[in-house]
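K.L.:
To be precise about what I am sending: the file is called coords_27.cif and holds mmCIF, C-alpha atoms.
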data_run
loop_
_atom_site.label_atom_id
_atom_site.label_comp_id
_atom_site.auth_asym_id
_atom_site.auth_seq_id
_atom_site.Cartn_x
_atom_site.Cartn_y
_atom_site.Cartn_z
CA MET J 1 -28.07 55.70 -82.34
CA ASP J 2 -25.54 54.45 -79.83
CA GLU J 3 -28.28 54.01 -77.23
CA LYS J 4 -30.29 51.85 -79.65
CA ARG J 5 -27.24 49.72 -80.41
CA PHE J 6 -26.62 49.30 -76.69
CA VAL J 7 -30.23 48.22 -76.07
CA VAL J 8 -30.10 45.76 -78.99
CA ALA J 9 -26.76 44.39 -77.80
CA LEU J 10 -28.09 44.04 -74.25
CA PHE J 11 -31.16 42.21 -75.52
CA GLY J 12 -28.99 39.93 -77.67
CA LEU J 13 -26.77 39.18 -74.68
CA ALA J 14 -29.83 38.27 -72.57
CA VAL J 15 -31.14 35.95 -75.32
CA ALA J 16 -27.69 34.37 -75.66
CA LEU J 17 -27.49 33.76 -71.90
CA VAL J 18 -30.94 32.14 -71.83
CA ALA J 19 -30.12 29.98 -74.87
CA GLY J 20 -26.79 29.01 -73.30
CA PHE J 21 -28.50 28.04 -70.06
CA VAL J 22 -31.01 25.85 -71.92
CA ALA J 23 -28.22 24.25 -73.93
CA TYR J 24 -26.28 23.61 -70.72
CA ARG J 25 -29.29 21.90 -69.12
CA PHE J 26 -29.65 19.61 -72.13
CA VAL J 27 -26.00 19.33 -73.08
CA ALA J 28 -26.11 15.50 -73.01
CA PRO J 29 -28.83 14.96 -75.67
CA LEU J 30 -27.47 17.85 -77.76
CA THR J 31 -23.99 16.31 -77.71
CA VAL J 32 -25.33 12.90 -78.70
CA ALA J 33 -27.36 14.59 -81.46
CA VAL J 34 -24.21 16.19 -82.90
CA PHE J 35 -22.46 12.82 -82.73
CA LEU J 36 -25.35 11.12 -84.55
CA TYR J 37 -25.48 13.92 -87.12
CA TYR J 38 -21.85 13.55 -88.14
CA SER J 39 -22.11 9.77 -87.93
CA THR J 40 -25.01 9.60 -90.39
CA ARG J 41 -24.37 12.61 -92.63
CA ARG J 42 -22.36 10.75 -95.26
CA PHE J 43 -25.03 8.09 -95.53
CA TYR J 44 -27.69 10.83 -95.70
CA HIS J 45 -25.97 12.51 -98.65
CA ARG J 46 -25.31 9.21 -100.44
CA LEU J 47 -29.04 8.55 -100.44
CA GLU J 48 -29.40 11.49 -102.83
CA ARG J 49 -28.55 9.16 -105.72
CA PHE J 50 -31.93 7.48 -105.18
CA ARG J 51 -33.67 10.87 -105.53
CA LEU J 52 -35.42 10.56 -102.20
CA PRO J 53 -36.85 13.65 -100.46
CA ALA J 54 -34.71 15.15 -97.71
CA ARG J 55 -37.16 14.17 -94.96
CA VAL J 56 -37.24 10.56 -96.11
CA ARG J 57 -33.45 10.43 -96.27
CA ALA J 58 -33.22 11.83 -92.74
CA VAL J 59 -35.67 9.23 -91.39
CA VAL J 60 -33.82 6.41 -93.15
CA SER J 61 -30.45 7.65 -91.86
CA LEU J 62 -31.70 7.77 -88.28
CA SER J 63 -33.33 4.36 -88.65
CA VAL J 64 -30.06 2.80 -89.78
CA ILE J 65 -28.62 3.55 -86.32
CA GLY J 66 -31.73 3.83 -84.16
CA VAL J 67 -33.59 0.66 -85.10
CA PRO J 68 -30.63 -1.73 -84.58
CA LEU J 69 -29.74 0.05 -81.33
CA ILE J 70 -33.30 -0.21 -79.98
CA GLY J 71 -33.44 -3.84 -81.08
CA LEU J 72 -30.13 -4.57 -79.38
CA VAL J 73 -31.22 -2.98 -76.10
CA SER J 74 -34.63 -4.69 -76.18
CA TYR J 75 -33.08 -8.08 -76.96
CA THR J 76 -30.59 -7.62 -74.13
CA LEU J 77 -33.34 -6.76 -71.62
CA VAL J 78 -35.43 -9.77 -72.67
CA LEU J 79 -32.44 -12.08 -72.28
CA LEU J 80 -31.63 -10.59 -68.86
CA ILE J 81 -35.19 -11.24 -67.70
CA LEU J 82 -35.15 -14.80 -69.02
CA GLU J 83 -31.77 -15.53 -67.48
CA ALA J 84 -32.84 -14.04 -64.14
CA ARG J 85 -35.92 -16.25 -64.18
CA ARG J 86 -33.81 -19.34 -64.92
CA PHE J 87 -31.42 -18.37 -62.14
CA ILE J 88 -34.27 -18.06 -59.62
CA GLU J 89 -35.65 -21.43 -60.71
CA ALA J 90 -32.26 -23.18 -60.60
CA TYR J 91 -30.94 -21.77 -57.32
CA PRO J 92 -32.69 -21.24 -53.94
CA VAL J 93 -32.53 -17.45 -54.08
CA ALA J 94 -35.37 -16.92 -51.61
CA ASP J 95 -33.82 -19.33 -49.10
CA THR J 96 -30.41 -17.72 -49.51
CA ILE J 97 -31.65 -14.25 -48.58
CA GLY J 98 -33.70 -15.74 -45.77
CA ALA J 99 -37.01 -14.18 -46.62
CA GLU J 100 -39.81 -16.66 -47.15
CA ASN J 101 -42.35 -13.91 -47.56
CA SER J 102 -40.16 -11.64 -49.69
CA VAL J 103 -40.97 -10.42 -53.17
CA ILE J 104 -38.47 -12.88 -54.66
CA GLY J 105 -39.92 -15.75 -52.66
CA ASP J 106 -43.44 -14.97 -53.81
CA LEU J 107 -42.42 -14.60 -57.44
CA ALA J 108 -40.28 -17.75 -57.34
CA GLU J 109 -43.41 -19.77 -56.64
CA LEU J 110 -44.80 -18.56 -59.98
CA SER J 111 -42.26 -20.30 -62.18
CA ASN J 112 -44.66 -20.97 -65.09
CA PRO J 113 -47.72 -18.91 -64.29
CA THR J 114 -50.94 -18.98 -66.27
CA MET J 115 -53.47 -16.18 -66.33
CA ASP J 116 -55.59 -17.97 -63.70
CA ASP J 117 -52.50 -18.39 -61.47
CA LEU J 118 -51.69 -14.67 -61.76
CA ILE J 119 -55.27 -13.69 -60.88
CA ALA J 120 -55.31 -16.08 -57.91
CA ALA J 121 -51.91 -14.81 -56.72
CA TYR J 122 -53.13 -11.21 -56.91
CA GLN J 123 -56.35 -11.99 -55.03
CA SER J 124 -54.42 -13.82 -52.30
CA GLY J 125 -52.12 -10.80 -51.79
CA GLN J 126 -49.03 -12.49 -53.18
CA PHE J 127 -48.21 -9.40 -55.25
CA ASP J 128 -48.75 -6.92 -52.43
CA PRO J 129 -45.02 -6.61 -51.50
CA LEU J 130 -44.14 -5.98 -55.16
CA ILE J 131 -46.94 -3.43 -55.52
CA ASP J 132 -45.81 -1.64 -52.35
CA LEU J 133 -42.22 -1.58 -53.59
CA VAL J 134 -43.25 -0.11 -56.94
CA SER J 135 -45.52 2.44 -55.23
CA GLU J 136 -42.72 3.62 -52.95
CA GLN J 137 -40.38 4.13 -55.89
CA ALA J 138 -43.02 5.42 -58.30
CA SER J 139 -41.84 9.03 -58.28
CA LEU J 140 -38.22 8.07 -58.86
CA LEU J 141 -39.17 5.61 -61.60
CA ALA J 142 -41.48 8.12 -63.29
CA SER J 143 -38.89 10.91 -63.23
CA THR J 144 -36.19 8.59 -64.59
CA LEU J 145 -38.34 7.28 -67.43
CA SER J 146 -39.66 10.74 -68.32
CA GLY J 147 -36.11 12.13 -68.32
CA LEU J 148 -34.91 9.36 -70.62
CA ALA J 149 -37.88 9.87 -72.94
CA LEU J 150 -37.32 13.65 -73.06
CA ASN J 151 -33.60 13.28 -73.79
CA LEU J 152 -34.31 10.71 -76.49
CA LEU J 153 -36.91 12.99 -78.08
CA ILE J 154 -34.51 15.96 -78.07
CA THR J 155 -31.75 13.83 -79.59
CA VAL J 156 -33.95 12.54 -82.41
CA ILE J 157 -35.47 15.95 -83.25
CA VAL J 158 -32.14 17.83 -83.21
CA THR J 159 -30.40 15.16 -85.31
CA TYR J 160 -33.29 15.08 -87.78
CA TYR J 161 -33.26 18.83 -88.38
CA LEU J 162 -29.47 19.00 -88.46
CA LEU J 163 -29.54 16.54 -91.33
CA ILE J 164 -32.19 18.54 -93.16
CA ASP J 165 -31.12 22.12 -92.36
CA GLY J 166 -27.44 21.70 -91.46
CA SER J 167 -26.32 23.40 -94.67
CA ARG J 168 -28.54 26.42 -93.92
CA PHE J 169 -27.00 26.77 -90.47
CA HIS J 170 -23.56 26.51 -92.05
CA ASP J 171 -24.39 29.28 -94.55
CA TRP J 172 -25.77 31.46 -91.73
CA LEU J 173 -22.51 31.18 -89.79
CA LEU J 174 -20.55 32.16 -92.89
CA ARG J 175 -22.37 35.51 -92.95
CA PHE J 176 -20.04 36.57 -90.12
CA ASP J 177 -16.95 35.77 -92.19
CA ASP J 178 -13.98 38.11 -91.90
CA ASP J 179 -11.16 37.78 -94.42
CA ALA J 180 -12.12 34.12 -95.01
CA ILE J 181 -10.98 33.14 -91.48
CA VAL J 182 -14.40 31.98 -90.35
CA ARG J 183 -15.02 30.08 -93.58
CA GLU J 184 -11.69 28.27 -93.43
CA TYR J 185 -12.16 27.38 -89.76
CA LEU J 186 -15.76 26.17 -90.11
CA GLU J 187 -15.08 24.09 -93.22
CA THR J 188 -11.96 22.51 -91.74
CA ALA J 189 -13.66 21.79 -88.39
CA ASP J 190 -16.72 20.42 -90.16
CA ASP J 191 -14.66 17.99 -92.25
CA GLU J 192 -12.56 16.86 -89.29
CA LEU J 193 -15.60 16.34 -87.03
CA GLU J 194 -17.19 14.19 -89.70
CA ALA J 195 -13.97 12.18 -90.11
CA VAL J 196 -13.59 11.60 -86.36
CA LEU J 197 -17.22 10.92 -85.39
CA TYR J 198 -18.03 8.92 -88.52
CA GLY J 199 -14.86 6.99 -87.78
CA ASN J 200 -16.28 6.11 -84.35
CA LEU J 201 -19.31 4.55 -85.99
CA LEU J 202 -17.17 2.60 -88.46
CA ASN J 203 -14.97 1.43 -85.58
CA VAL J 204 -18.02 0.12 -83.67
CA ILE J 205 -19.31 -1.71 -86.75
CA ALA J 206 -15.92 -3.21 -87.59
CA ILE J 207 -15.24 -4.42 -84.04
CA SER J 208 -18.77 -5.84 -83.76
CA ILE J 209 -18.22 -7.91 -86.91
CA ILE J 210 -14.79 -9.07 -85.72
CA ALA J 211 -16.16 -9.98 -82.27
CA VAL J 212 -19.17 -11.89 -83.65
CA VAL J 213 -16.97 -13.93 -86.03
CA THR J 214 -14.45 -14.60 -83.25
CA TYR J 215 -17.08 -15.69 -80.72
CA LEU J 216 -18.86 -17.92 -83.22
CA GLY J 217 -15.53 -19.49 -84.19
CA TYR J 218 -14.73 -20.14 -80.55
CA ASN J 219 -18.12 -21.80 -79.98
CA ALA J 220 -17.51 -24.06 -82.97
CA ALA J 221 -14.30 -25.38 -81.37
CA ALA J 222 -15.17 -25.31 -77.65
CA PRO J 223 -17.18 -27.91 -75.69
CA ALA J 224 -20.78 -27.09 -74.84
CA ALA J 225 -19.92 -26.53 -71.16
CA VAL J 226 -17.71 -23.52 -71.95
CA GLU J 227 -19.53 -22.05 -74.94
CA ILE J 228 -20.23 -18.31 -75.11
CA PRO J 229 -23.92 -17.65 -74.42
CA TYR J 230 -25.56 -15.62 -77.20
CA PRO J 231 -22.36 -14.98 -79.22
CA THR J 232 -24.02 -12.62 -81.70
CA LEU J 233 -25.38 -10.40 -78.93
CA ALA J 234 -22.06 -10.53 -77.08
CA GLY J 235 -20.23 -9.47 -80.24
CA ALA J 236 -22.57 -6.53 -80.86
CA LEU J 237 -22.20 -5.39 -77.25
CA THR J 238 -18.42 -5.69 -77.57
CA GLY J 239 -18.49 -3.28 -80.52
CA VAL J 240 -20.61 -0.77 -78.61
CA ALA J 241 -18.33 -1.09 -75.57
CA SER J 242 -15.35 -0.11 -77.73
CA LEU J 243 -16.54 3.51 -77.34
CA ILE J 244 -15.78 3.39 -73.62
CA PRO J 245 -12.22 4.55 -72.91
CA VAL J 246 -9.57 2.49 -71.12
CA ILE J 247 -11.88 -0.40 -70.08
CA GLY J 248 -13.63 -0.66 -73.43
CA MET J 249 -14.42 -4.16 -74.64
CA LYS J 250 -13.14 -5.74 -71.43
CA ILE J 251 -16.47 -5.02 -69.73
CA VAL J 252 -18.00 -7.58 -72.10
CA TYR J 253 -15.53 -10.41 -72.66
CA VAL J 254 -14.10 -10.53 -69.12
CA PRO J 255 -17.54 -11.13 -67.48
CA ILE J 256 -18.26 -13.69 -70.22
CA ALA J 257 -15.06 -15.55 -69.31
CA ALA J 258 -15.98 -15.38 -65.61
CA ALA J 259 -19.50 -16.68 -66.32
CA MET J 260 -18.03 -19.63 -68.21
CA SER J 261 -15.39 -20.37 -65.59
CA ILE J 262 -17.49 -20.42 -62.40
CA PRO J 263 -19.82 -23.36 -63.29
CA VAL J 264 -16.89 -25.37 -64.66
CA ALA J 265 -14.82 -24.77 -61.53
CA ILE J 266 -17.76 -25.69 -59.26
CA ASP J 267 -18.28 -28.96 -61.16
CA GLY J 268 -14.57 -29.78 -60.82
CA GLU J 269 -13.90 -29.88 -64.58
CA VAL J 270 -10.68 -27.89 -64.28
CA ALA J 271 -9.36 -29.08 -67.65
CA LEU J 272 -12.06 -27.08 -69.43
CA LEU J 273 -10.62 -23.86 -68.00
CA ALA J 274 -7.96 -24.11 -70.71
CA TYR J 275 -10.67 -23.26 -73.25
CA VAL J 276 -11.66 -20.22 -71.21
CA ALA J 277 -8.02 -19.11 -71.05
CA GLY J 278 -7.79 -19.59 -74.80
CA PHE J 279 -10.94 -17.49 -75.27
CA LEU J 280 -9.45 -14.69 -73.17
CA ALA J 281 -6.21 -14.78 -75.15
CA VAL J 282 -8.04 -14.67 -78.49
CA ALA J 283 -10.35 -11.88 -77.29
CA ILE J 284 -7.45 -9.76 -76.04
CA VAL J 285 -5.38 -10.19 -79.20
CA VAL J 286 -7.91 -10.52 -82.04
CA VAL J 287 -10.83 -8.45 -80.75
CA ASP J 288 -9.15 -5.86 -78.53
CA THR J 289 -5.50 -5.24 -79.42
CA ILE J 290 -5.21 -5.74 -83.19
CA PRO J 291 -8.29 -3.64 -84.15
CA ASP J 292 -7.15 -0.90 -81.77
CA ILE J 293 -3.72 -0.79 -83.42
CA VAL J 294 -4.77 -1.31 -87.03
CA LEU J 295 -8.25 0.21 -87.37
CA ARG J 296 -8.32 3.13 -84.93
CA PRO J 297 -5.63 5.19 -86.73
CA TYR J 298 -7.68 4.96 -89.95
CA PHE J 299 -10.92 5.90 -88.19
CA SER J 300 -9.53 8.63 -85.94
CA GLY J 301 -9.69 11.54 -88.37
CA GLU J 302 -7.44 13.21 -90.90
CA THR J 303 -5.39 15.60 -88.75
CA THR J 304 -6.36 14.88 -85.12
CA HIS J 305 -3.57 13.08 -83.26
CA VAL J 306 -4.58 9.58 -82.19
CA GLY J 307 -3.00 9.99 -78.74
CA LEU J 308 -4.83 13.24 -78.04
CA LEU J 309 -8.07 11.65 -79.18
CA MET J 310 -7.55 8.74 -76.79
CA LEU J 311 -6.90 11.18 -73.94
CA ALA J 312 -10.10 13.00 -74.84
CA TYR J 313 -12.02 9.73 -74.58
CA ILE J 314 -10.40 9.07 -71.20
CA PHE J 315 -10.78 12.52 -69.62
CA GLY J 316 -14.16 13.35 -71.19
CA PRO J 317 -16.35 11.10 -69.01
CA VAL J 318 -14.32 12.07 -65.92
CA VAL J 319 -14.82 15.82 -66.45
CA PHE J 320 -18.26 16.03 -68.10
CA GLY J 321 -19.93 12.75 -67.15
CA PHE J 322 -21.03 10.01 -69.52
CA HIS J 323 -21.84 12.41 -72.37
CA GLY J 324 -18.23 13.57 -72.17
CA LEU J 325 -17.46 10.45 -74.19
CA PHE J 326 -18.97 12.34 -77.14
CA LEU J 327 -18.37 15.94 -76.03
CA ALA J 328 -14.62 15.75 -75.35
CA PRO J 329 -13.65 14.63 -78.90
CA ILE J 330 -15.80 17.44 -80.33
CA VAL J 331 -14.13 20.03 -78.09
CA LEU J 332 -10.69 18.61 -78.98
CA VAL J 333 -11.35 18.80 -82.72
CA LEU J 334 -12.70 22.36 -82.48
CA ALA J 335 -9.70 23.49 -80.41
CA LEU J 336 -7.05 21.87 -82.61
CA THR J 337 -8.71 23.13 -85.79
CA PHE J 338 -8.84 26.64 -84.36
CA ALA J 339 -5.14 26.46 -83.51
CA ASP J 340 -4.26 25.21 -86.99
CA THR J 341 -6.37 27.70 -88.96
CA ALA J 342 -7.93 30.76 -87.33
CA LEU J 343 -5.30 31.31 -84.63
CA LEU J 344 -2.48 31.53 -87.16
CA ARG J 345 -4.39 34.10 -89.20
CA LEU J 346 -5.29 36.15 -86.12
CA LEU J 347 -1.62 36.23 -85.11
CA GLY J 348 -0.63 37.35 -88.60
CA VAL J 349 1.07 34.08 -89.55
CA GLU J 350 0.23 32.66 -92.94
CA PRO J 351 -0.28 28.86 -92.84
CA ASP J 352 2.22 26.69 -94.67
CA PRO J 353 0.84 26.07 -98.18
CA GLY J 354 2.86 22.86 -98.50
CA PRO J 355 5.37 21.87 -101.16
CA GLU J 356 5.03 23.51 -104.55
CA ILE J 357 3.77 21.37 -107.41
CA PRO J 358 5.73 21.72 -110.66
CA GLU J 359 3.72 23.29 -113.45
CA ALA J 360 4.43 20.38 -115.79
CA GLN J 361 3.20 17.76 -113.30
CA GLN J 362 -0.21 16.35 -114.08
CA ARG J 363 -2.88 16.21 -111.41
CA LEU J 364 -4.91 13.12 -110.57
CA ASP J 365 -8.15 14.50 -111.95
CA GLU J 366 -6.46 15.14 -115.32
CA PHE J 367 -6.06 11.44 -116.06
#
Will you turn the file into structure tokens for me?

P.N.:
Amino acid sequence: MDEKRFVVALFGLAVALVAGFVAYRFVAPLTVAVFLYYSTRRFYHRLERFRLPARVRAVVSLSVIGVPLIGLVSYTLVLLILEARRFIEAYPVADTIGAENSVIGDLAELSNPTMDDLIAAYQSGQFDPLIDLVSEQASLLASTLSGLALNLLITVIVTYYLLIDGSRFHDWLLRFDDDAIVREYLETADDELEAVLYGNLLNVIAISIIAVVTYLGYNAAAPAAVEIPYPTLAGALTGVASLIPVIGMKIVYVPIAAAMSIPVAIDGEVALLAYVAGFLAVAIVVVDTIPDIVLRPYFSGETTHVGLLMLAYIFGPVVFGFHGLFLAPIVLVLALTFADTALLRLLGVEPDPGPEIPEAQQRLDEF
């Protein structure tokens, strides 16, 4: 009997090692999937009031985040392409780099190409340098795009099935309960993860709204020469950038201020720089500082310390890479919850039940 148990345990250990290795290889999409799951779970459950099937609710919940995000990225790429084209048309880029026959020089000649112009340019060999460049980097480009597509597919599938079958996985874990320690730990960690990660989503939405209103208000008061280009897009990107620790929203509004300042300074209209300085002051105070002080404590969870959470956001990307921005808060919540619940029980210390409530005192649900 002992030999059979040993063989089963050895087989289970081998399966666990293989599963752990696979999870380690795809830790980034799995971490993002957990983040999306806790970010959308409340919305998923609130859709129950409409009596929608679970699969429909999961698709709708993912679409609420996925569709706007894809639209935002696509809109940003289109604007970058348009602005790059305008830049090439407005400034002598090909002359500056000193390459009359370069790819940029050839493409700059096609400022407003028609289909006939494109065909003629291809037949004359004008696209040959670009084709050679793409061919040389084809393997790198293909591997990058396939990796992004695979990670996106894993993220969507894992999030989808976590929304549908998350309660089953929770019940399966509770089968290993021992004196209610596992149950208390899992339920507490589950609630705190939802509070922290759902709070991240609310923080992004709130800051995006504040930034859009602030940028539109600035454009209404500022001269056309120092207006913010695409204020709605800039505000949405500012909200997304709030997830990045330390630098955060500065990677959006500081380049915007620089982009407004350079043309004004070149044209000698120094007086207009006062508007740019005013924009920076408003962005730092209204968009960056006040929401961080007022909103973040409300969106940072129920028991997790705000300072520790900020350190997790700072150290996470340094230790784990970009996905550490999502992984470090999860690890922090799991560790703190374990220390507050399971560790006390394992050490034989009963947790503090809190102040006693007098028997005669009515509870809120009794009103």

K.L.:
Extract, using all atoms listed in the file, all DNA, RNA and protein residues at most 9 Å from J:Leu308, discarding same-chain residues fewer than 5 positions from it, and format them as an MDAnalysis selection string.

P.N.:
chainID J and resid 313 329 332

K.L.:
Can you list what the PyMOL selection byres ((chain J and resi 287-294) around 10) grabs from this structure, as number ranges by chain?

P.N.:
J: 203, 206-215, 235, 238-239, 242, 248-250, 253, 280-286, 295-299

K.L.:
Please identify all polymer residues within 12 Å of J:Val196, counting only C-alpha atoms, omitting same-chain residues fewer than 2 positions from it, and present them as an MDAnalysis selection string.

P.N.:
chainID J and resid 35:36 38:39 189:194 198:203 296:306 309:310 326 328:334

K.L.:
Could you write those residues out with C-alpha atoms, as a PDB file, in the coordinates of the input?

P.N.:
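That gives us result.pdb:
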ATOM      1  CA  PHE J  35     -22.460  12.820 -82.730  1.00  0.00           C
ATOM      2  CA  LEU J  36     -25.350  11.120 -84.550  1.00  0.00           C
ATOM      3  CA  TYR J  38     -21.850  13.550 -88.140  1.00  0.00           C
ATOM      4  CA  SER J  39     -22.110   9.770 -87.930  1.00  0.00           C
ATOM      5  CA  ALA J 189     -13.660  21.790 -88.390  1.00  0.00           C
ATOM      6  CA  ASP J 190     -16.720  20.420 -90.160  1.00  0.00           C
ATOM      7  CA  ASP J 191     -14.660  17.990 -92.250  1.00  0.00           C
ATOM      8  CA  GLU J 192     -12.560  16.860 -89.290  1.00  0.00           C
ATOM      9  CA  LEU J 193     -15.600  16.340 -87.030  1.00  0.00           C
ATOM     10  CA  GLU J 194     -17.190  14.190 -89.700  1.00  0.00           C
ATOM     11  CA  TYR J 198     -18.030   8.920 -88.520  1.00  0.00           C
ATOM     12  CA  GLY J 199     -14.860   6.990 -87.780  1.00  0.00           C
ATOM     13  CA  ASN J 200     -16.280   6.110 -84.350  1.00  0.00           C
ATOM     14  CA  LEU J 201     -19.310   4.550 -85.990  1.00  0.00           C
ATOM     15  CA  LEU J 202     -17.170   2.600 -88.460  1.00  0.00           C
ATOM     16  CA  ASN J 203     -14.970   1.430 -85.580  1.00  0.00           C
ATOM     17  CA  ARG J 296      -8.320   3.130 -84.930  1.00  0.00           C
ATOM     18  CA  PRO J 297      -5.630   5.190 -86.730  1.00  0.00           C
ATOM     19  CA  TYR J 298      -7.680   4.960 -89.950  1.00  0.00           C
ATOM     20  CA  PHE J 299     -10.920   5.900 -88.190  1.00  0.00           C
ATOM     21  CA  SER J 300      -9.530   8.630 -85.940  1.00  0.00           C
ATOM     22  CA  GLY J 301      -9.690  11.540 -88.370  1.00  0.00           C
ATOM     23  CA  GLU J 302      -7.440  13.210 -90.900  1.00  0.00           C
ATOM     24  CA  THR J 303      -5.390  15.600 -88.750  1.00  0.00           C
ATOM     25  CA  THR J 304      -6.360  14.880 -85.120  1.00  0.00           C
ATOM     26  CA  HIS J 305      -3.570  13.080 -83.260  1.00  0.00           C
ATOM     27  CA  VAL J 306      -4.580   9.580 -82.190  1.00  0.00           C
ATOM     28  CA  LEU J 309      -8.070  11.650 -79.180  1.00  0.00           C
ATOM     29  CA  MET J 310      -7.550   8.740 -76.790  1.00  0.00           C
ATOM     30  CA  PHE J 326     -18.970  12.340 -77.140  1.00  0.00           C
ATOM     31  CA  ALA J 328     -14.620  15.750 -75.350  1.00  0.00           C
ATOM     32  CA  PRO J 329     -13.650  14.630 -78.900  1.00  0.00           C
ATOM     33  CA  ILE J 330     -15.800  17.440 -80.330  1.00  0.00           C
ATOM     34  CA  VAL J 331     -14.130  20.030 -78.090  1.00  0.00           C
ATOM     35  CA  LEU J 332     -10.690  18.610 -78.980  1.00  0.00           C
ATOM     36  CA  VAL J 333     -11.350  18.800 -82.720  1.00  0.00           C
ATOM     37  CA  LEU J 334     -12.700  22.360 -82.480  1.00  0.00           C
TER      38      LEU J 334
END

K.L.:
Find the residue from J:Leu346, J:Ala274, J:Leu69, J:Ile157 that sits nearest to J:Pro223; use all atoms listed in the file when measuring.

P.N.:
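Selected residue with least distance to J:Pro223: J:Ala274.
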
K.L.:
Rank J:Leu343, J:Val318, J:Ile164, J:Ala149 by their smallest atom-to-atom distance to J:Val59, using all atoms listed in the file, and report the top residue only.

P.N.:
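Closest residue, counting all atoms listed in the file: J:Ile164.
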
K.L.:
Distance atom CA of J:His323-atom CA of J:Pro29, one decimal place?

P.N.:
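For atom CA of J:His323 relative to atom CA of J:Pro29, the distance reads 8.1 Å.
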
K.L.:
Could you check which of J:Leu186, J:Tyr230, J:Arg49, J:Arg168 is closest to J:Leu80, using all atoms listed in the file?

P.N.:
J:Tyr230

K.L.:
Pick out the closest residue to J:Ser261 from this set: J:Leu273, J:Ala58, J:Ile244, J:Val64. Count only C-alpha atoms.

P.N.:
J:Leu273

K.L.:
Pick out the closest residue to J:Gly278 from this set: J:Thr159, J:Phe50, J:Val226, J:Val204. Count only C-alpha atoms.

P.N.:
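Closest candidate: J:Val226.
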
K.L.:
Find the residue from J:Ala277, J:Leu233, J:Arg25, J:Asp2 that sits nearest to J:Leu77; use only C-alpha atoms when measuring.

P.N.:
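Smallest distance to J:Leu77 is found for J:Leu233.
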
K.L.:
Rounded to one decimal place, report the atom CA of J:Phe320-atom CA of J:Ala236 distance in Å.

P.N.:
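These two atoms are separated by 26.3 Å.
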
K.L.:
Just give me the gap between atom CA of J:Val252 and atom CA of J:Ile228 in Å, one decimal is fine.

P.N.:
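We find that atom CA of J:Val252 and atom CA of J:Ile228 lie 11.4 Å from each other.
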
K.L.:
Taking 3 positions as the minimum chain separation for residues in the same chain, which residues sit within 9 Å of stretch 268-272 of chain J when counting only C-alpha atoms? Answer as a list in words.

P.N.:
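Using only C-alpha atoms, the neighbours found are Ala222, Pro223, Ala225, Val226, Ser261, Pro263, Val264, Ala265, Tyr275 and Val276 of chain J.
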